[in-house]
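K.L.:
You'll find upload32.csv just under this line, and it carries CSV, C-alpha atoms.
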```
chain,number,residue,atom,x,y,z
A,1,MET,CA,-9.4,30.0,-12.6
A,2,GLY,CA,-12.2,27.5,-11.9
A,3,ILE,CA,-12.2,24.0,-13.4
A,4,GLN,CA,-15.1,24.8,-15.6
A,5,GLU,CA,-13.3,27.8,-17.1
A,6,ASN,CA,-10.2,25.8,-17.6
A,7,LEU,CA,-12.1,23.0,-19.5
A,8,LYS,CA,-13.7,25.6,-21.8
A,9,ASN,CA,-10.5,27.6,-22.4
A,10,LYS,CA,-8.5,24.4,-23.2
A,11,ARG,CA,-11.2,23.4,-25.8
A,12,LYS,CA,-11.1,26.9,-27.4
A,13,GLU,CA,-7.3,26.8,-27.3
A,14,PHE,CA,-7.4,23.8,-29.6
A,15,ASP,CA,-10.1,25.5,-31.7
A,16,LEU,CA,-12.6,22.7,-31.0
A,17,THR,CA,-16.4,23.1,-31.0
A,18,LEU,CA,-18.4,21.3,-28.3
A,19,GLU,CA,-19.5,18.9,-31.0
A,20,GLU,CA,-16.0,18.1,-32.1
A,21,ALA,CA,-14.6,17.7,-28.6
A,22,SER,CA,-17.4,15.5,-27.4
A,23,GLN,CA,-17.0,13.2,-30.4
A,24,LYS,CA,-13.3,12.8,-29.6
A,25,LEU,CA,-14.2,12.1,-26.0
A,26,GLY,CA,-17.0,9.7,-26.9
A,27,ILE,CA,-19.8,11.4,-25.0
A,28,LYS,CA,-22.8,13.5,-25.9
A,29,ARG,CA,-22.3,17.2,-26.7
A,30,SER,CA,-24.8,18.1,-23.9
A,31,THR,CA,-22.7,16.1,-21.4
A,32,LEU,CA,-19.5,18.0,-22.2
A,33,GLN,CA,-21.4,21.2,-22.0
A,34,ARG,CA,-22.5,20.2,-18.5
A,35,TYR,CA,-18.8,19.5,-17.6
A,36,GLU,CA,-17.9,23.0,-18.7
A,37,SER,CA,-20.9,24.7,-17.0
A,38,GLY,CA,-20.3,22.9,-13.7
A,39,ALA,CA,-23.7,21.1,-13.8
A,40,ILE,CA,-21.6,17.9,-13.6
A,41,THR,CA,-18.8,18.2,-11.1
A,42,ASN,CA,-18.0,14.5,-10.5
A,43,ILE,CA,-16.4,13.9,-13.9
A,44,PRO,CA,-15.5,10.2,-14.4
A,45,ALA,CA,-11.8,9.4,-14.1
A,46,ASP,CA,-11.5,7.9,-17.6
A,47,LYS,CA,-13.0,11.1,-19.1
A,48,ILE,CA,-10.6,13.3,-17.3
A,49,VAL,CA,-7.7,11.2,-18.6
A,50,LYS,CA,-9.1,11.3,-22.1
A,51,LEU,CA,-9.7,15.1,-22.0
A,52,ALA,CA,-6.1,15.6,-20.9
A,53,GLU,CA,-4.9,13.6,-23.9
A,54,ILE,CA,-7.1,15.6,-26.2
A,55,TYR,CA,-5.8,18.9,-24.8
A,56,HIS,CA,-2.2,17.7,-24.6
A,57,THR,CA,-1.9,18.2,-20.9
A,58,THR,CA,-2.0,16.2,-17.6
A,59,PRO,CA,-5.2,15.4,-15.6
A,60,ALA,CA,-3.8,17.4,-12.7
A,61,GLN,CA,-3.1,20.5,-14.7
A,62,LEU,CA,-6.4,20.2,-16.5
A,63,MET,CA,-8.4,20.0,-13.3
A,64,GLY,CA,-6.3,22.5,-11.4
A,65,TRP,CA,-5.0,20.0,-8.8
A,66,THR,CA,-1.5,21.4,-8.8
A,67,ASP,CA,-2.7,24.8,-7.8
A,68,SER,CA,-1.9,25.9,-4.2
A,69,PRO,CA,-3.4,28.9,-2.5
A,70,TYR,CA,0.1,29.7,-1.3
A,71,HIS,CA,3.4,29.4,-3.0
A,72,GLU,CA,6.8,31.1,-3.1
A,73,GLU,CA,8.5,32.6,-6.2
A,74,GLY,CA,12.2,33.2,-5.6
A,75,ASN,CA,12.6,34.7,-2.1
A,76,GLY,CA,9.2,36.3,-2.0
A,77,LYS,CA,5.6,35.4,-2.1
A,78,THR,CA,3.5,35.8,-5.3
A,79,ALA,CA,0.7,38.4,-5.4
A,80,ASN,CA,-1.8,35.7,-5.0
A,81,SER,CA,-0.3,34.1,-1.9
A,82,LEU,CA,-2.1,34.4,1.5
A,83,ALA,CA,-0.5,36.8,3.9
A,84,PHE,CA,-0.3,34.7,7.1
A,85,SER,CA,2.1,35.9,9.8
A,86,GLU,CA,4.6,33.5,11.3
A,87,GLU,CA,2.7,33.5,14.6
A,88,ASP,CA,-0.5,32.2,13.0
A,89,ASP,CA,-1.2,28.5,13.4
A,90,ILE,CA,-2.2,28.4,9.8
A,91,TYR,CA,-0.3,26.4,7.2
A,92,PRO,CA,-0.6,26.3,3.4
A,93,ILE,CA,-2.3,23.2,2.0
A,94,HIS,CA,-0.6,21.7,-1.1
A,95,ARG,CA,-3.1,19.5,-2.8
A,96,TYR,CA,-3.0,16.4,-5.0
A,97,ALA,CA,-5.8,14.1,-6.3
A,98,LEU,CA,-6.6,10.5,-5.5
A,99,PRO,CA,-8.9,8.2,-7.5
A,100,LEU,CA,-12.2,7.4,-5.7
A,101,LEU,CA,-13.1,3.7,-5.8
A,102,GLY,CA,-16.7,3.2,-6.8
A,103,GLU,CA,-19.1,0.4,-7.0
A,104,PRO,CA,-18.4,-2.4,-9.5
A,105,ALA,CA,-20.5,-2.6,-12.7
A,106,ALA,CA,-22.7,-5.6,-13.3
A,107,GLU,CA,-22.5,-7.8,-16.4
A,108,GLY,CA,-25.3,-10.2,-16.2
A,109,SER,CA,-24.8,-12.2,-13.0
A,110,ARG,CA,-21.1,-11.5,-12.8
A,111,LEU,CA,-19.4,-8.5,-11.1
A,112,CYS,CA,-16.6,-6.7,-12.8
A,113,GLU,CA,-13.6,-5.2,-10.9
A,114,PRO,CA,-14.5,-2.0,-8.9
A,115,LEU,CA,-14.4,1.2,-10.9
A,116,PHE,CA,-12.7,4.5,-10.2
A,117,GLU,CA,-15.6,6.9,-10.3
A,118,GLY,CA,-13.7,10.2,-10.1
A,119,TYR,CA,-11.0,12.0,-8.1
A,120,VAL,CA,-10.8,13.5,-4.6
A,121,GLU,CA,-8.4,16.3,-3.6
A,122,MET,CA,-6.4,16.0,-0.5
A,123,GLY,CA,-3.5,17.5,1.4
A,124,SER,CA,-0.1,16.3,0.3
A,125,ALA,CA,0.9,15.3,3.9
A,126,ILE,CA,-1.3,12.2,3.5
A,127,ARG,CA,0.4,9.5,1.5
A,128,ALA,CA,-2.3,7.3,0.1
A,129,ASP,CA,-3.0,5.5,-3.2
A,130,PHE,CA,-6.8,5.8,-3.5
A,131,CYS,CA,-9.9,6.5,-1.4
A,132,LEU,CA,-13.3,5.2,-0.6
A,133,ARG,CA,-16.6,6.9,0.3
A,134,ALA,CA,-17.9,5.4,3.5
A,135,LYS,CA,-21.5,4.1,3.3
A,136,GLY,CA,-23.9,3.5,6.1
A,137,ASP,CA,-23.1,3.3,9.8
A,138,SER,CA,-20.8,0.3,10.0
A,139,MET,CA,-17.7,2.3,11.1
A,140,ILE,CA,-19.3,4.9,13.4
A,141,ASN,CA,-17.4,3.8,16.5
A,142,ALA,CA,-14.2,4.7,14.6
A,143,ARG,CA,-15.7,8.1,14.0
A,144,ILE,CA,-16.2,7.4,10.3
A,145,GLN,CA,-19.6,8.5,9.2
A,146,ASN,CA,-21.8,7.9,6.2
A,147,GLY,CA,-20.3,9.9,3.3
A,148,ASP,CA,-16.8,10.4,4.7
A,149,ILE,CA,-13.9,10.0,2.4
A,150,VAL,CA,-11.4,7.4,3.7
A,151,PHE,CA,-7.8,7.4,2.3
A,152,ILE,CA,-6.2,4.1,1.6
A,153,ARG,CA,-2.6,2.9,1.2
A,154,ARG,CA,-2.5,0.0,-1.2
A,155,GLN,CA,-1.4,-3.3,0.3
A,156,ASN,CA,-2.7,-6.8,0.3
A,157,ASP,CA,-2.4,-7.4,4.1
A,158,VAL,CA,-2.6,-5.4,7.3
A,159,GLU,CA,-1.6,-5.7,10.9
A,160,ASP,CA,-4.0,-7.2,13.5
A,161,GLY,CA,-6.4,-4.5,14.5
A,162,ASP,CA,-5.9,-2.2,11.5
A,163,ILE,CA,-8.9,-0.9,9.5
A,164,ALA,CA,-8.6,-2.2,6.0
A,165,ALA,CA,-10.3,-1.7,2.6
A,166,VAL,CA,-11.7,-5.1,1.7
A,167,LEU,CA,-13.3,-6.4,-1.4
A,168,ILE,CA,-16.2,-8.7,-0.6
A,169,GLU,CA,-17.7,-10.2,-3.8
A,170,ASN,CA,-15.8,-7.3,-5.6
A,171,LYS,CA,-17.6,-4.7,-3.6
A,172,PRO,CA,-15.3,-2.3,-1.6
A,173,THR,CA,-16.0,-1.9,2.1
A,174,LEU,CA,-14.2,-0.9,5.3
A,175,LYS,CA,-13.6,-3.4,8.2
A,176,ARG,CA,-11.3,-3.8,11.1
A,177,VAL,CA,-9.1,-6.9,10.7
A,178,TYR,CA,-8.4,-9.4,13.5
A,179,LYS,CA,-6.3,-12.5,13.0
A,180,GLN,CA,-6.8,-15.7,14.9
A,181,GLY,CA,-4.4,-18.3,13.7
A,182,ASP,CA,-5.4,-19.1,10.2
A,183,LEU,CA,-8.7,-17.4,10.6
A,184,ILE,CA,-9.4,-13.7,9.7
A,185,GLN,CA,-12.2,-11.8,11.3
A,186,LEU,CA,-13.6,-8.7,9.6
A,187,GLN,CA,-15.3,-6.6,12.2
A,188,SER,CA,-17.4,-3.5,11.7
A,189,GLU,CA,-17.1,-0.6,14.2
A,190,ASN,CA,-20.8,-1.1,15.1
A,191,PRO,CA,-21.9,-3.7,17.6
A,192,ASN,CA,-25.1,-4.3,15.7
A,193,ILE,CA,-23.3,-5.7,12.7
A,194,ARG,CA,-22.1,-9.3,12.9
A,195,PRO,CA,-18.4,-10.0,12.0
A,196,ILE,CA,-17.3,-12.0,9.0
A,197,ILE,CA,-15.0,-14.9,9.8
A,198,TYR,CA,-13.1,-16.7,7.0
A,199,ARG,CA,-10.0,-18.5,6.0
A,200,ALA,CA,-8.0,-16.5,3.5
A,201,ASP,CA,-6.9,-19.5,1.5
A,202,GLU,CA,-10.5,-20.8,1.2
A,203,ASN,CA,-12.4,-17.7,0.2
A,204,PRO,CA,-11.1,-16.0,-2.9
A,205,ASN,CA,-14.1,-13.7,-2.9
A,206,ILE,CA,-12.8,-11.7,0.1
A,207,ARG,CA,-9.5,-9.9,-0.2
A,208,ILE,CA,-7.7,-7.0,1.5
A,209,ILE,CA,-6.7,-4.3,-0.9
A,210,GLY,CA,-5.3,-1.6,1.4
A,211,LYS,CA,-4.9,0.0,4.8
A,212,ALA,CA,-7.0,3.0,5.9
A,213,ILE,CA,-4.7,5.7,7.0
A,214,ALA,CA,-6.9,8.8,7.3
A,215,PHE,CA,-10.4,10.1,6.6
A,216,GLN,CA,-12.0,13.4,5.6
A,217,SER,CA,-15.3,14.4,7.2
A,218,ASN,CA,-17.5,17.4,6.6
A,219,VAL,CA,-18.0,19.8,9.5
A,220,GLN,CA,-21.5,19.3,10.9
```
Reformat the file's structure so that it appears as structure tokens.

P.N.:
Amino acid sequence: MGIQENLKNKRKEFDLTLEEASQKLGIKRSTLQRYESGAITNIPADKIVKLAEIYHTTPAQLMGWTDSPYHEEGNGKTANSLAFSEEDDIYPIHRYALPLLGEPAAEGSRLCEPLFEGYVEMGSAIRADFCLRAKGDSMINARIQNGDIVFIRRQNDVEDGDIAAVLIENKPTLKRVYKQGDLIQLQSENPNIRPIIYRADENPNIRIIGKAIAFQSNVQ
């Protein structure tokens, strides 16, 4: 069952009209209709959580993130499992979802904390806490291209030479971190971009929020 069908069926299960469900969710009826039709696929994280509360379920179950194309039941495979032989170098992917960190919202001249703009599915072998969408060509020499999803383990410091998720003026970015005594250098993986050098105790507007551990790139 697709996510759109699941959303629609859950609403009908609770005998709610589009109007009633959208009022509970705090959005326009037309927006909820677009969620259910698939016209909007990047549903905001807070709306997913609220929908799950309305339908008395979890975000993962509502969005189908716990489904796996292959699973065992007892000693045998279910009818929906994929029939791969033991000789095939093909392995089942068990998925879970991570919040995708988005751009901060502006309030006058001040920036709020970055917002989670949705969720991204990933294989369960990668242990991360959130992810970023790479923008531009600042990390191309690390093979991270514009639009790639980078998975981050939350931590407030990294080892010398690690690629980190860094907040600069509350905007998330990716930089390789080098430490020189009490100085920290944030280096892009692009020789055309100048590094940022600062003292951690003197610049509260720059802070490390995690370590990059993997990335997901589309096949070109």

K.L.:
Could you pull the residues within 12 Å of segment 207-209 of chain A, counting all atoms listed in the file, minus those fewer than 2 positions along the same chain, as an MDAnalysis selection string?

P.N.:
chainID A and resid 101 114 129:132 152:159 162:177 184:186 198:205 211:212

K.L.:
Now that the selection is made, can you save its residues with C-alpha atoms as a JSON list (two decimals), keeping the file's coordinate frame?

P.N.:
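Resulting contents of selection26.json:
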```json
[["chain", "number", "residue", "atom", "x", "y", "z"],
["A", 101, "LEU", "CA", -13.10, 3.70, -5.80],
["A", 114, "PRO", "CA", -14.50, -2.00, -8.90],
["A", 129, "ASP", "CA", -3.00, 5.50, -3.20],
["A", 130, "PHE", "CA", -6.80, 5.80, -3.50],
["A", 131, "CYS", "CA", -9.90, 6.50, -1.40],
["A", 132, "LEU", "CA", -13.30, 5.20, -0.60],
["A", 152, "ILE", "CA", -6.20, 4.10, 1.60],
["A", 153, "ARG", "CA", -2.60, 2.90, 1.20],
["A", 154, "ARG", "CA", -2.50, 0.00, -1.20],
["A", 155, "GLN", "CA", -1.40, -3.30, 0.30],
["A", 156, "ASN", "CA", -2.70, -6.80, 0.30],
["A", 157, "ASP", "CA", -2.40, -7.40, 4.10],
["A", 158, "VAL", "CA", -2.60, -5.40, 7.30],
["A", 159, "GLU", "CA", -1.60, -5.70, 10.90],
["A", 162, "ASP", "CA", -5.90, -2.20, 11.50],
["A", 163, "ILE", "CA", -8.90, -0.90, 9.50],
["A", 164, "ALA", "CA", -8.60, -2.20, 6.00],
["A", 165, "ALA", "CA", -10.30, -1.70, 2.60],
["A", 166, "VAL", "CA", -11.70, -5.10, 1.70],
["A", 167, "LEU", "CA", -13.30, -6.40, -1.40],
["A", 168, "ILE", "CA", -16.20, -8.70, -0.60],
["A", 169, "GLU", "CA", -17.70, -10.20, -3.80],
["A", 170, "ASN", "CA", -15.80, -7.30, -5.60],
["A", 171, "LYS", "CA", -17.60, -4.70, -3.60],
["A", 172, "PRO", "CA", -15.30, -2.30, -1.60],
["A", 173, "THR", "CA", -16.00, -1.90, 2.10],
["A", 174, "LEU", "CA", -14.20, -0.90, 5.30],
["A", 175, "LYS", "CA", -13.60, -3.40, 8.20],
["A", 176, "ARG", "CA", -11.30, -3.80, 11.10],
["A", 177, "VAL", "CA", -9.10, -6.90, 10.70],
["A", 184, "ILE", "CA", -9.40, -13.70, 9.70],
["A", 185, "GLN", "CA", -12.20, -11.80, 11.30],
["A", 186, "LEU", "CA", -13.60, -8.70, 9.60],
["A", 198, "TYR", "CA", -13.10, -16.70, 7.00],
["A", 199, "ARG", "CA", -10.00, -18.50, 6.00],
["A", 200, "ALA", "CA", -8.00, -16.50, 3.50],
["A", 201, "ASP", "CA", -6.90, -19.50, 1.50],
["A", 202, "GLU", "CA", -10.50, -20.80, 1.20],
["A", 203, "ASN", "CA", -12.40, -17.70, 0.20],
["A", 204, "PRO", "CA", -11.10, -16.00, -2.90],
["A", 205, "ASN", "CA", -14.10, -13.70, -2.90],
["A", 211, "LYS", "CA", -4.90, 0.00, 4.80],
["A", 212, "ALA", "CA", -7.00, 3.00, 5.90]]
```

K.L.:
A:Ile54, A:Ile206, A:Ile197, A:Val150: which is nearest Val120 of chain A, counting only C-alpha atoms?

P.N.:
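Checking each of A:Ile54, A:Ile206, A:Ile197, A:Val150 against Val120 of chain A, counting only C-alpha atoms, the winner is A:Val150.
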
K.L.:
Identify, on the basis of only C-alpha atoms, every residue whose closest approach to Asn190 of chain A does not exceed 12 Å; exclude the query and any residue fewer than 5 positions from it along the same chain; express the result as a ChimeraX atom specification.

P.N.:
/A:136-145,174-176,195

K.L.:
What is the atom CA of Phe14 of chain A-atom CA of Leu98 of chain A distance in Å, reported with one decimal?

P.N.:
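Distance reported for this atom pair: 27.5 Å.
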
K.L.:
In Å, rounded to a single decimal, give me how far atom CA of Ala52 of chain A is from atom CA of Gly64 of chain A.

P.N.:
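If I compute the distance from atom CA of Gly64 of chain A to atom CA of Ala52 of chain A, I get 11.7 Å.
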
K.L.:
Report the distance between atom CA of Glu36 of chain A and atom CA of Ala134 of chain A in Å, rounded to one decimal place.

P.N.:
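Here the two named atoms are 28.3 Å from each other.
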
K.L.:
Which residue gives the smallest distance to Ser37 of chain A among A:Met63, A:Ala21, A:Leu7, A:Leu16, with all atoms listed in the file counted?

P.N.:
A:Leu7

K.L.:
Determine the nearest neighbour of Leu18 of chain A from the options A:Gln33, A:Gly147, A:Gly161, A:Ile193, counting all atoms listed in the file.

P.N.:
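Looking only at the distances to Leu18 of chain A, the closest residue turns out to be A:Gln33.
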
K.L.:
Pick from A:Gln187, A:Asn146, A:Gln4, A:Ser217: nearest to Gly38 of chain A, with all atoms listed in the file counted?

P.N.:
A:Gln4
